[in-house]
Amino acid sequence: MSLDKSDIEKIAWLARLSISVEEIPKYSKELNNILDLVEQMNGVDTANIEPMAHPLEITARLREDRVTESNQRERFQAIAPAVENGHYLVPRVIE
Amino acid sequence: MHDHTLAELSKALQSGEFSSTELTRHYLDRCQAFNDKLNCFITLIPEKALDQAKIADERRSAGEAGPLTGIPLAHKDIFCTDGVRTSCGSRMLDNFIAPYDATVTEKLNAAGMVTLGKTNMDEFAMGSSNETSYYGPVRNPWDRERVPGGSSGGSASAVVARLAPAATGTDTGGSIRQPASLCGITGLKPTYGRISRYGMIAFASSLDQGGTLTRTAEDAALLLNAMAGFDERDSTSAEEPVGDYTATLNDSIDGLKIGLPDEYFDERLDDTVAERVREAVRELEKLGASVRSISLPTSRLSIPAYYVVAPAECSSNLARYDGVRFGFRCKDPVNLADLYCRSRGEGFGREVKRRIMIGTYVLSAGYYDAYYLKAQQIRRLIRDEFRRALQEVDVIIGPTAPGIAFRIGELADDPISMYLSDMYTVSVNLAGMPAISVPAGQIEHLPVGMQIIGDYFQEGRLLNIAHRFQQATDFHQAAPGNI
């Protein structure tokens, strides 16, 4: 399995990363090298082994349903790239 | 003043030999004098530091000082610090002034410690050489043409150069232990969940763990006492009681059973590094430990499994950087997709983009089972193998890194070779166990580290072994000459 130019473009789009056309061959080579390394996993039989997502295998804790955070909108918006009247601004999405 | 350990500084402040203000000023002077040469700090905060020092001195006069009150330290620039830029080594967060404190910084502030500044690091903690930082590479004080290791390279470089008596770090695949090894200091990665991840910028959430970079194991114990503990704001924080890690430092290690994995001493390891580590183990034998060979065959698959799990989690965690709420935003986006793609494309560096892309690929439709699920199955095999071994021996010992510090640029264009420099550390993160790297001598005036791995929540035992080793040897006292 080897990633070609169109695979790299597709992955970059899924990850919402702009990459230049000139960079594609290098990414393609590097990503393929990493996948070759990862292929070593296929040398081990893992049938019937339960996947381990987390080292301590804890389950998510539940807490009482009450408000624990205070409203800090001004503080958080002070570091935003573009705000207006308490809203975050993005390019127009509805014509 | 700067040759003192934390433990010695604590005593000197207590006895009134000097004040926190004097001590802080001394360290700030050193930082200002040497940071240009080493690039270990991204941000220095002299005014805030002197304010904290003044408060610490007042606390002491009022009889309210604890063991760490008034002692300066440096924070890796991955821990959010209220009102201070927290860049994570990335252009993406170059303008990010954290609006809150991480639990780690909050706890160390509460203990009265003084923050000198924020240390340089590989971008988003992705790297083993500190060369992926947006702020340029950190230099190793032993040889400024060489890397300090990474990703906590700025912290390691600052501590060994005596620009800070101690520093915080994070370890996702070796990012505390490997730089500690390459710089010749003591680096502790506690059990996963032992220290809160709240406010610690996420890379791979099931692997990330905060820890310490210090000169001695005793200093690591002092810091861990203040940093460890359950935190309800971290959903995977461990609900295990915290002991006094300094209380057991001097316990006897007579009868300690050490396992040396065959796989950690095979042809992939530099012969001279192997020799140093074996000599260090002989020191532990003189203190009453016994040694036997063990086998950890699945550990050979830890790098492949890690380079699925870590990028997968990274691609998911770093999805939050979208140019909308905080961080870098590209100029004049023409539409929403352009805003996302260019903000991320221009805000992230190459290594981060590489890992996001690998992670995106292994999680994409049709490939999940072959990569992510397979890696999680191997993760269980690695964990089970460690646990079986740790029923027969008390600790596992080996090298921290396969070699000494490499030259800046030497591996920069070879991601795979760079990844392999973490081959002895990543398996510990996959399993979630604690481990410590301690100096074990030098090769051609460059430090070598020995790694001690223990069972879950055995930090006290690891610190005890490391401390007894440091009482019997002087490797940890070696300091670079002219910086």
# chains A, B, ... in the order shown; residues from 1 in each chain; ligands from 1
$ interface_residues --of "chain A" --to "chain B" --cutoff "9 Å" --atoms "only C-alpha atoms" --output "VMD selection string"
chain A and resid 8 11 to 19 27 30 to 31 33 to 35 37 to 42 44 46 to 56 58 to 61 75 to 83 88 to 93
$ write_last_selection --atoms "C-alpha atoms" --output "CSV table (one decimal), in the first residue's frame"
chain,number,residue,atom,x,y,z
A,8,ILE,CA,-2.0,13.0,-0.1
A,11,ILE,CA,-5.7,13.3,3.4
A,12,ALA,CA,-4.7,16.9,3.5
A,13,TRP,CA,-8.3,18.0,2.7
A,14,LEU,CA,-9.7,15.6,5.4
A,15,ALA,CA,-7.3,17.2,7.9
A,16,ARG,CA,-8.1,20.7,6.6
A,17,LEU,CA,-4.4,21.4,5.9
A,18,SER,CA,-3.4,23.5,2.9
A,19,ILE,CA,-0.1,22.1,1.4
A,27,TYR,CA,5.0,14.3,2.1
A,30,GLU,CA,7.7,10.5,4.3
A,31,LEU,CA,4.2,9.2,4.9
A,33,ASN,CA,8.2,5.5,5.0
A,34,ILE,CA,6.2,5.9,8.3
A,35,LEU,CA,3.5,3.5,7.0
A,37,LEU,CA,7.5,1.2,9.6
A,38,VAL,CA,4.0,0.7,11.0
A,39,GLU,CA,3.6,-2.4,8.7
A,40,GLN,CA,5.8,-4.3,11.2
A,41,MET,CA,2.7,-4.7,13.3
A,42,ASN,CA,1.4,-7.2,10.8
A,44,VAL,CA,2.2,-10.3,15.2
A,46,THR,CA,-3.5,-10.3,17.5
A,47,ALA,CA,-6.6,-12.4,16.9
A,48,ASN,CA,-8.8,-12.4,20.0
A,49,ILE,CA,-6.7,-9.7,21.7
A,50,GLU,CA,-9.0,-7.0,23.1
A,51,PRO,CA,-7.8,-3.5,22.0
A,52,MET,CA,-6.5,-1.3,24.8
A,53,ALA,CA,-7.5,2.4,24.3
A,54,HIS,CA,-6.2,3.6,27.6
A,55,PRO,CA,-3.5,2.4,30.1
A,56,LEU,CA,-5.5,2.5,33.3
A,58,ILE,CA,-10.9,3.5,33.7
A,59,THR,CA,-14.4,4.5,32.7
A,60,ALA,CA,-15.5,8.1,32.5
A,61,ARG,CA,-16.5,9.6,35.8
A,75,ARG,CA,-11.7,37.2,28.7
A,76,PHE,CA,-11.9,34.4,26.1
A,77,GLN,CA,-12.8,36.7,23.3
A,78,ALA,CA,-9.9,39.1,24.1
A,79,ILE,CA,-7.6,36.5,22.5
A,80,ALA,CA,-9.8,35.7,19.5
A,81,PRO,CA,-8.6,36.8,16.0
A,82,ALA,CA,-11.9,38.5,15.1
A,83,VAL,CA,-15.0,39.2,17.2
A,88,TYR,CA,-16.7,35.1,16.7
A,89,LEU,CA,-16.4,36.3,13.1
A,90,VAL,CA,-15.8,33.9,10.2
A,91,PRO,CA,-16.0,34.5,6.4
A,92,ARG,CA,-19.6,34.6,5.1
A,93,VAL,CA,-21.1,31.1,5.0
$ residues_around --residues "B:Val147" --least-positions-apart "5" --cutoff "8 Å" --atoms "only C-alpha atoms" --output "ChimeraX atom specification"
/B:129-131,137-140,153,405-408
$ residues_around --residues "B:Ile404" --least-positions-apart "6" --cutoff "10 Å" --atoms "only C-alpha atoms" --output "PyMOL selection string"
chain B and resi 146-149+178+181-183+270+272-273+421+442-449
$ residues_around --residues "B:Phe41" --least-positions-apart "4" --cutoff "6 Å" --atoms "only C-alpha atoms" --output "PyMOL selection string"
chain B and resi 118-120
$ atom_distance --atom1 "atom CA of A:Glu22" --atom2 "atom CA of B:Thr132"
20.5 Å
$ atom_distance --atom1 "atom CA of B:Glu351" --atom2 "atom CA of B:Met126"
7.0 Å
$ atom_distance --atom1 "atom CA of B:Ala65" --atom2 "atom CA of B:Ala220"
19.2 Å
$ select_by_dssp --residues "stretch 116-306 of chain B" --states "strand (DSSP E)" --output "ChimeraX atom specification"
/B:116-119,166-171,186-189,209-214,257-261,290-294
$ write_last_selection --atoms "N, CA and C atoms" --output "mmCIF file, in the first residue's frame"
data_model
loop_
_atom_site.group_PDB
_atom_site.id
_atom_site.type_symbol
_atom_site.label_atom_id
_atom_site.label_comp_id
_atom_site.auth_asym_id
_atom_site.auth_seq_id
_atom_site.Cartn_x
_atom_site.Cartn_y
_atom_site.Cartn_z
ATOM 1 N N LEU B 116 10.256 31.521 36.397
ATOM 2 C CA LEU B 116 11.225 32.370 35.690
ATOM 3 C C LEU B 116 10.780 32.630 34.256
ATOM 4 N N GLY B 117 10.159 31.624 33.643
ATOM 5 C CA GLY B 117 9.750 31.773 32.252
ATOM 6 C C GLY B 117 9.275 30.454 31.692
ATOM 7 N N LYS B 118 9.074 30.463 30.367
ATOM 8 C CA LYS B 118 8.514 29.307 29.666
ATOM 9 C C LYS B 118 9.580 28.745 28.720
ATOM 10 N N THR B 119 9.789 27.440 28.811
ATOM 11 C CA THR B 119 10.913 26.865 28.063
ATOM 12 C C THR B 119 10.531 26.382 26.669
ATOM 13 N N ALA B 166 15.163 23.798 38.496
ATOM 14 C CA ALA B 166 14.300 22.678 38.121
ATOM 15 C C ALA B 166 13.338 23.161 37.060
ATOM 16 N N ALA B 167 12.732 22.212 36.356
ATOM 17 C CA ALA B 167 11.759 22.593 35.334
ATOM 18 C C ALA B 167 10.697 21.514 35.213
ATOM 19 N N THR B 168 9.535 21.935 34.712
ATOM 20 C CA THR B 168 8.501 20.957 34.403
ATOM 21 C C THR B 168 8.688 20.486 32.962
ATOM 22 N N GLY B 169 8.096 19.340 32.670
ATOM 23 C CA GLY B 169 8.150 18.810 31.310
ATOM 24 C C GLY B 169 6.936 17.935 31.084
ATOM 25 N N THR B 170 6.802 17.456 29.858
ATOM 26 C CA THR B 170 5.763 16.466 29.567
ATOM 27 C C THR B 170 6.389 15.347 28.751
ATOM 28 N N ASP B 171 5.798 14.170 28.873
ATOM 29 C CA ASP B 171 6.378 12.969 28.267
ATOM 30 C C ASP B 171 5.261 12.159 27.616
ATOM 31 N N THR B 186 18.176 14.439 35.778
ATOM 32 C CA THR B 186 17.227 13.435 36.237
ATOM 33 C C THR B 186 15.841 13.786 35.702
ATOM 34 N N GLY B 187 15.208 12.857 34.979
ATOM 35 C CA GLY B 187 13.890 13.127 34.399
ATOM 36 C C GLY B 187 12.889 12.072 34.814
ATOM 37 N N LEU B 188 11.809 12.513 35.451
ATOM 38 C CA LEU B 188 10.789 11.574 35.933
ATOM 39 C C LEU B 188 9.499 11.708 35.140
ATOM 40 N N LYS B 189 9.068 10.583 34.545
ATOM 41 C CA LYS B 189 7.721 10.498 33.974
ATOM 42 C C LYS B 189 6.888 9.635 34.904
ATOM 43 N N GLN B 209 1.810 12.745 29.820
ATOM 44 C CA GLN B 209 1.928 12.820 31.276
ATOM 45 C C GLN B 209 2.964 13.880 31.642
ATOM 46 N N GLY B 210 2.586 14.759 32.559
ATOM 47 C CA GLY B 210 3.517 15.775 33.036
ATOM 48 C C GLY B 210 4.521 15.172 34.006
ATOM 49 N N GLY B 211 5.647 15.840 34.182
ATOM 50 C CA GLY B 211 6.665 15.333 35.099
ATOM 51 C C GLY B 211 7.727 16.378 35.354
ATOM 52 N N THR B 212 8.892 15.909 35.815
ATOM 53 C CA THR B 212 9.917 16.834 36.309
ATOM 54 C C THR B 212 11.279 16.625 35.645
ATOM 55 N N LEU B 213 12.014 17.736 35.509
ATOM 56 C CA LEU B 213 13.418 17.684 35.096
ATOM 57 C C LEU B 213 14.216 18.403 36.175
ATOM 58 N N THR B 214 15.071 17.657 36.854
ATOM 59 C CA THR B 214 15.795 18.182 38.010
ATOM 60 C C THR B 214 17.229 17.642 38.001
ATOM 61 N N LYS B 257 15.162 -6.642 43.122
ATOM 62 C CA LYS B 257 15.320 -7.507 41.949
ATOM 63 C C LYS B 257 15.196 -6.676 40.675
ATOM 64 N N ILE B 258 16.290 -6.661 39.899
ATOM 65 C CA ILE B 258 16.332 -5.865 38.668
ATOM 66 C C ILE B 258 16.266 -6.782 37.454
ATOM 67 N N GLY B 259 15.425 -6.443 36.490
ATOM 68 C CA GLY B 259 15.376 -7.179 35.228
ATOM 69 C C GLY B 259 16.012 -6.358 34.120
ATOM 70 N N LEU B 260 16.923 -6.988 33.373
ATOM 71 C CA LEU B 260 17.530 -6.326 32.211
ATOM 72 C C LEU B 260 16.973 -6.986 30.952
ATOM 73 N N PRO B 261 16.149 -6.281 30.185
ATOM 74 C CA PRO B 261 15.553 -6.902 28.988
ATOM 75 C C PRO B 261 16.610 -7.127 27.895
ATOM 76 N N SER B 290 19.896 -7.558 43.046
ATOM 77 C CA SER B 290 20.268 -8.706 42.212
ATOM 78 C C SER B 290 19.725 -8.476 40.812
ATOM 79 N N VAL B 291 20.419 -9.056 39.837
ATOM 80 C CA VAL B 291 20.108 -8.776 38.438
ATOM 81 C C VAL B 291 19.823 -10.065 37.686
ATOM 82 N N ARG B 292 18.831 -10.044 36.830
ATOM 83 C CA ARG B 292 18.571 -11.189 35.947
ATOM 84 C C ARG B 292 18.123 -10.696 34.576
ATOM 85 N N SER B 293 18.324 -11.530 33.578
ATOM 86 C CA SER B 293 17.870 -11.173 32.231
ATOM 87 C C SER B 293 16.388 -11.460 32.113
ATOM 88 N N ILE B 294 15.683 -10.599 31.405
ATOM 89 C CA ILE B 294 14.290 -10.867 31.096
ATOM 90 C C ILE B 294 14.095 -10.643 29.594
#
$ residues_around --residues "B:Ser90" --least-positions-apart "4" --cutoff "7 Å" --atoms "only C-alpha atoms" --output "ChimeraX atom specification"
/B:94,123-124,133-134,348
